[in-house]
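**Q** Sending over a structure as C-alpha cells; questions will come in a sec.
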Amino acid sequence: MKKATAVAHSNIALIKYWGKQDEGLRLPMNASVAIGLEEALTTTTVEFDEKLDKDEVSIIGDEFNEMETAKVSQHLDRVRALAGIKTRARVVSQNNFPKAAGMASSASGFAALTVAAAGATELNLNEKELSILARQGSGSASRSVPGGVSVWYTGETSEESYAEPITFPANWKLKVLMVMAEGTGAKKVGSTEGMALSKKNCPYYSTAVSEAGNNLERLKEAMGKGDWSGFGKVIEDECFRLHAVCMTTTPNILYFKGVTVEVFQTLYKLREKGIEAFFTVDAGPHVHVIVKDENVGEVKQALSELSGVKTIIETGIGGAARLIEQHLF
Ligand code: PMV
C-alpha cells in the first residue's frame with residue numbers, strides 16, 4: 001500500500017465551536033467560522049503495513065499520551081472502514097508549534113492525518129468528504145481541510161456537517177499575530193472535556209449557543225459590507241462569549257492569564273489612536289490578533305513590550321490541507 005504525506009494548517013476560530021449536539025458523530029451545537037494559519041503547520045506521513053499488528057504512532061520532538069494515541073487509532077479505523085481494510089499503520093507527525101497549548105494542534109493534526117490516510121489508501125475523497133471525515137477526529141479539523149476563511153455547518157446528519165470557504169472581502173490584506181504567553185504547557189482542561197462540562201453545567205449555555213448563531217449573521221453582514229470595525233466587534237464579542245461560558249461552568253474553566261488581558265488592554269489603547277486590530281482567544285492563554293498589513297509593525301511592537309509575551313508569530317492566511325511528496329520516514 002502507498003505511503004502518503006499531508007500538510008495542514010491550524011486555524012483560529014472567529015465564531016467559536018464549544019459543544020456537540022451528537023458526541024459520537026461530533027456534530028456541533030452551532031456553526032463556526034475560522035481563519036487558517038499559514039505558519040502553523042502539521043505534517044503527517046501515514047503508511048499501512050501488513051507486517052504491523054498494531055498502529056505505531058509518534059510525533060517528532062514531542063510525545064503522544066495513551067489517549068491521544070487511541071484517538072489517532074480510532075481515526076484510522078474510520079479510514080480503514082471506508083477503504084474496507086484491516087491493515088495497521090505507521091504514523092509520524094510533526095508540528096511547528098506547541099501541541100495542546102490552545103493553538104489548535106488537533107485541528108491541523110486531524111486534518112493532516114485524514115488527508116494522508118485517505119491518500120495512502122487511495123480513497124479519492126473530495127474536499128467535502130475529507131472535511132466530514134476530519135470532523136469525526138476533531139471538530140475544528142473540519143475547518144483545516146478547506147483552510148482559508150471557512151464556515152463549518154452544524155448539520156443534522158454527518159453528511160451535512162462539513163466546512164467550506166466563506167466569502168471574505170478580497171481587499172482586506174491582513175495578518176494574524178499569534179501572541180504566545182509565557183509558560184506554554186499543555187492546557188489544563190482540554191477542549192473535548194471542557195465543552196462537555198459547559199454543556200452540562202453552564203447555566204447560560206443555551207442562550208450562548210443561540211448568540212453564536214446571531215454572531216455568525218453579524219459576521220457575514222460585516223464581511224459582506226467590508227466593515228472592518230463591525231467585523232472586529234463581532235470577533236471580540238465571540239471571544240468573550242466563549243470565555244464567559246467557560247468561566248461560568250462548574251468547575252470554572254479559566255483559560256486567560258494576566259498577559260491575555262494585558263494584550264486586550266494594549267489593543268484597546270491602540271484603538272484610541274485609530275489602529276484597529278482585534279483579538280480572539282481559544283482554549284488557552286494565547287491571543288490571536290487580527291490586524292491589517294499596514295498596522296502589523298506598530299501592533300507587534302506594542303505587544304512585544306509586554307513581559308508575559310513569549311513570542312509573536314506573524315502569519316498570513318493558510319490554504320487547504322494537501323498531499324506533498326516529502327515523507328517524514
Ligand atoms: O475541535 P477541538 O477539540 O479542537 O475544539 C476547538 C475549540 C475551540 O478552539 C475553543 C473553538 C473552535 O471553534 O476552534
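The chains in the C-alpha cells are called A, B, ... from first to last as shown; in each chain the residues are counted from 1, and the ligands are counted from 1 in the order shown.
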Produce as a PyMOL selection string the set of residues near ligand 1, where near means within 7 Å with only C-alpha atoms and all ligand atoms considered.

**A** chain A and resi 12-13+15-18+32+104+106-107+138-141+191-192+282-283

**Q** Mind listing the alpha helix (DSSP H) residues of region 105-272 of chain A, per DSSP on the backbone, as JSON, numbers by chain?

**A** {"A": [105, 106, 107, 108, 109, 110, 111, 112, 113, 114, 115, 116, 117, 118, 119, 120, 127, 128, 129, 130, 131, 132, 133, 134, 135, 136, 137, 141, 142, 143, 144, 191, 192, 193, 194, 195, 196, 197, 198, 199, 200, 201, 205, 206, 207, 208, 209, 210, 211, 212, 213, 214, 215, 216, 217, 218, 219, 220, 221, 222, 223, 224, 225, 228, 229, 230, 231, 232, 233, 234, 235, 236, 237, 238, 239, 240, 241, 242, 243, 244, 245, 246, 247, 258, 259, 260, 261, 262, 263, 264, 265, 266, 267, 268, 269, 270, 271, 272]}

**Q** Save out the residues we just selected, C-alpha atoms, as an mmCIF file, in the first residue's frame.

**A**
data_model
loop_
_atom_site.group_PDB
_atom_site.id
_atom_site.type_symbol
_atom_site.label_atom_id
_atom_site.label_comp_id
_atom_site.auth_asym_id
_atom_site.auth_seq_id
_atom_site.Cartn_x
_atom_site.Cartn_y
_atom_site.Cartn_z
ATOM 1 C CA SER A 105 -2.897 21.422 17.086
ATOM 2 C CA SER A 106 -5.819 18.983 16.972
ATOM 3 C CA ALA A 107 -7.236 20.917 14.014
ATOM 4 C CA SER A 108 -4.154 20.690 11.812
ATOM 5 C CA GLY A 109 -3.280 17.275 13.296
ATOM 6 C CA PHE A 110 -6.510 15.530 12.378
ATOM 7 C CA ALA A 111 -6.779 17.324 9.021
ATOM 8 C CA ALA A 112 -3.260 16.185 8.046
ATOM 9 C CA LEU A 113 -3.925 12.660 9.346
ATOM 10 C CA THR A 114 -7.174 12.456 7.386
ATOM 11 C CA VAL A 115 -5.677 13.651 4.103
ATOM 12 C CA ALA A 116 -2.569 11.445 4.482
ATOM 13 C CA ALA A 117 -4.510 8.307 5.465
ATOM 14 C CA ALA A 118 -7.061 8.851 2.676
ATOM 15 C CA GLY A 119 -4.127 9.320 0.275
ATOM 16 C CA ALA A 120 -2.346 6.186 1.483
ATOM 17 C CA GLU A 127 -12.764 18.225 -0.044
ATOM 18 C CA LYS A 128 -16.245 17.978 1.463
ATOM 19 C CA GLU A 129 -15.826 14.262 2.193
ATOM 20 C CA LEU A 130 -12.396 14.874 3.717
ATOM 21 C CA SER A 131 -13.833 17.630 5.905
ATOM 22 C CA ILE A 132 -16.623 15.299 7.127
ATOM 23 C CA LEU A 133 -14.056 12.628 7.933
ATOM 24 C CA ALA A 134 -11.638 15.042 9.659
ATOM 25 C CA ARG A 135 -14.525 16.410 11.774
ATOM 26 C CA GLN A 136 -15.012 12.984 13.366
ATOM 27 C CA GLY A 137 -11.419 13.078 14.668
ATOM 28 C CA ALA A 141 -10.132 19.833 11.948
ATOM 29 C CA SER A 142 -13.128 20.015 9.599
ATOM 30 C CA ARG A 143 -12.184 23.682 9.006
ATOM 31 C CA SER A 144 -8.493 22.928 8.406
ATOM 32 C CA SER A 191 -11.476 21.258 24.670
ATOM 33 C CA THR A 192 -13.371 17.942 24.489
ATOM 34 C CA GLU A 193 -13.690 17.744 28.262
ATOM 35 C CA GLY A 194 -14.307 21.484 28.678
ATOM 36 C CA MET A 195 -17.139 21.683 26.188
ATOM 37 C CA ALA A 196 -18.896 18.639 27.642
ATOM 38 C CA LEU A 197 -18.704 20.244 31.114
ATOM 39 C CA SER A 198 -20.052 23.562 29.812
ATOM 40 C CA LYS A 199 -22.969 21.930 28.039
ATOM 41 C CA LYS A 200 -23.894 20.134 31.262
ATOM 42 C CA ASN A 201 -23.015 22.704 33.900
ATOM 43 C CA TYR A 205 -25.274 27.546 27.827
ATOM 44 C CA SER A 206 -28.387 27.515 25.628
ATOM 45 C CA THR A 207 -28.502 31.331 25.467
ATOM 46 C CA ALA A 208 -24.819 31.328 24.499
ATOM 47 C CA VAL A 209 -25.438 28.828 21.688
ATOM 48 C CA SER A 210 -28.217 30.944 20.173
ATOM 49 C CA GLU A 211 -25.978 34.012 20.492
ATOM 50 C CA ALA A 212 -23.338 32.214 18.389
ATOM 51 C CA GLY A 213 -25.936 31.979 15.616
ATOM 52 C CA ASN A 214 -26.659 35.718 15.868
ATOM 53 C CA ASN A 215 -22.950 36.492 15.831
ATOM 54 C CA LEU A 216 -22.448 34.409 12.683
ATOM 55 C CA GLU A 217 -25.104 36.520 10.932
ATOM 56 C CA ARG A 218 -23.441 39.730 12.193
ATOM 57 C CA LEU A 219 -20.052 38.487 10.963
ATOM 58 C CA LYS A 220 -21.401 37.684 7.499
ATOM 59 C CA GLU A 221 -23.042 41.103 7.322
ATOM 60 C CA ALA A 222 -19.823 42.898 8.337
ATOM 61 C CA MET A 223 -17.757 40.904 5.832
ATOM 62 C CA GLY A 224 -20.362 41.480 3.119
ATOM 63 C CA LYS A 225 -20.159 45.249 3.670
ATOM 64 C CA TRP A 228 -13.659 46.183 9.417
ATOM 65 C CA SER A 229 -14.767 47.730 12.728
ATOM 66 C CA GLY A 230 -18.003 45.745 12.689
ATOM 67 C CA PHE A 231 -16.028 42.564 11.928
ATOM 68 C CA GLY A 232 -13.720 43.220 14.871
ATOM 69 C CA LYS A 233 -16.589 43.923 17.260
ATOM 70 C CA VAL A 234 -18.150 40.537 16.414
ATOM 71 C CA ILE A 235 -14.961 38.527 16.856
ATOM 72 C CA GLU A 236 -14.223 40.130 20.221
ATOM 73 C CA ASP A 237 -17.849 39.542 21.328
ATOM 74 C CA GLU A 238 -17.392 35.916 20.273
ATOM 75 C CA CYS A 239 -14.177 35.599 22.220
ATOM 76 C CA PHE A 240 -15.921 36.806 25.370
ATOM 77 C CA ARG A 241 -18.975 34.637 24.665
ATOM 78 C CA LEU A 242 -16.793 31.507 24.682
ATOM 79 C CA HIS A 243 -14.859 32.508 27.775
ATOM 80 C CA ALA A 244 -17.979 33.664 29.649
ATOM 81 C CA VAL A 245 -19.355 30.160 29.106
ATOM 82 C CA CYS A 246 -16.093 28.586 30.295
ATOM 83 C CA MET A 247 -15.789 30.797 33.363
ATOM 84 C CA GLY A 258 -2.734 38.004 33.234
ATOM 85 C CA VAL A 259 -0.930 38.634 29.969
ATOM 86 C CA THR A 260 -4.005 37.594 27.963
ATOM 87 C CA VAL A 261 -5.883 40.551 29.437
ATOM 88 C CA GLU A 262 -2.860 42.838 29.047
ATOM 89 C CA VAL A 263 -2.901 42.094 25.316
ATOM 90 C CA PHE A 264 -6.581 43.127 25.167
ATOM 91 C CA GLN A 265 -5.808 46.365 27.005
ATOM 92 C CA THR A 266 -2.882 47.151 24.729
ATOM 93 C CA LEU A 267 -5.145 46.716 21.711
ATOM 94 C CA TYR A 268 -7.809 48.948 23.305
ATOM 95 C CA LYS A 269 -5.154 51.664 23.760
ATOM 96 C CA LEU A 270 -4.024 51.348 20.144
ATOM 97 C CA ARG A 271 -7.654 51.694 19.096
ATOM 98 C CA GLU A 272 -7.806 55.108 20.775
#

**Q** Would you mind listing what lies within 7 Å of region 58-63 of chain A as a list in words, with only C-alpha atoms counted and same-chain residues fewer than 3 positions away left out?

**A**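 Listing them by chain and then by number gives Val91, Val92, Ser93 and Gln94 of chain A.
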
**Q** CA of Pro285 (chain A) and CA of Glu38 (chain A), how far apart in Å?

**A** 20.5 Å

**Q** My list of candidates is A:Val33, A:Ala6, A:Val289, A:Leu27. Which is closest to Glu47 (chain A) when distances are computed with only C-alpha atoms?

**A** A:Ala6

**Q** Report as an MDAnalysis selection string all protein, DNA and RNA residues lying within 6 Å of Leu41 (chain A), evaluated on only C-alpha atoms, omitting residues in the same chain fewer than 2 positions from it.

**A** chainID A and resid 8:9 95:96

**Q** Excluding Lys310 (chain A) and its own-chain neighbours fewer than 4 positions away, which residues fall within 7 Å of it when counting only C-alpha atoms? Please give them as a list in words.

**A**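 Final neighbour list, sorted by chain and number: Met180, Ala181 and Glu182 of chain A.
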
**Q** Would you list, as an MDAnalysis selection string, the residues of region 25-197 of chain A that end up in strand (DSSP E or B) under DSSP run on this structure's backbone?

**A** chainID A and resid 27:28 32:48 56:59 89:95 149:152 163:165 174:181

**Q** For the atom pair CA of Pro165 (chain A) and CA of Ala34 (chain A), what is the interatomic distance in Å to one decimal place?

**A**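 Atom-to-atom, CA of Pro165 (chain A) to CA of Ala34 (chain A), that is 9.6 Å.
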
**Q** Quick check, in Å to one decimal: how far apart do CA of Glu314 (chain A) and CA of Lys292 (chain A) lie?

**A**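 Value for the CA of Glu314 (chain A)-CA of Lys292 (chain A) distance: 11.8 Å.
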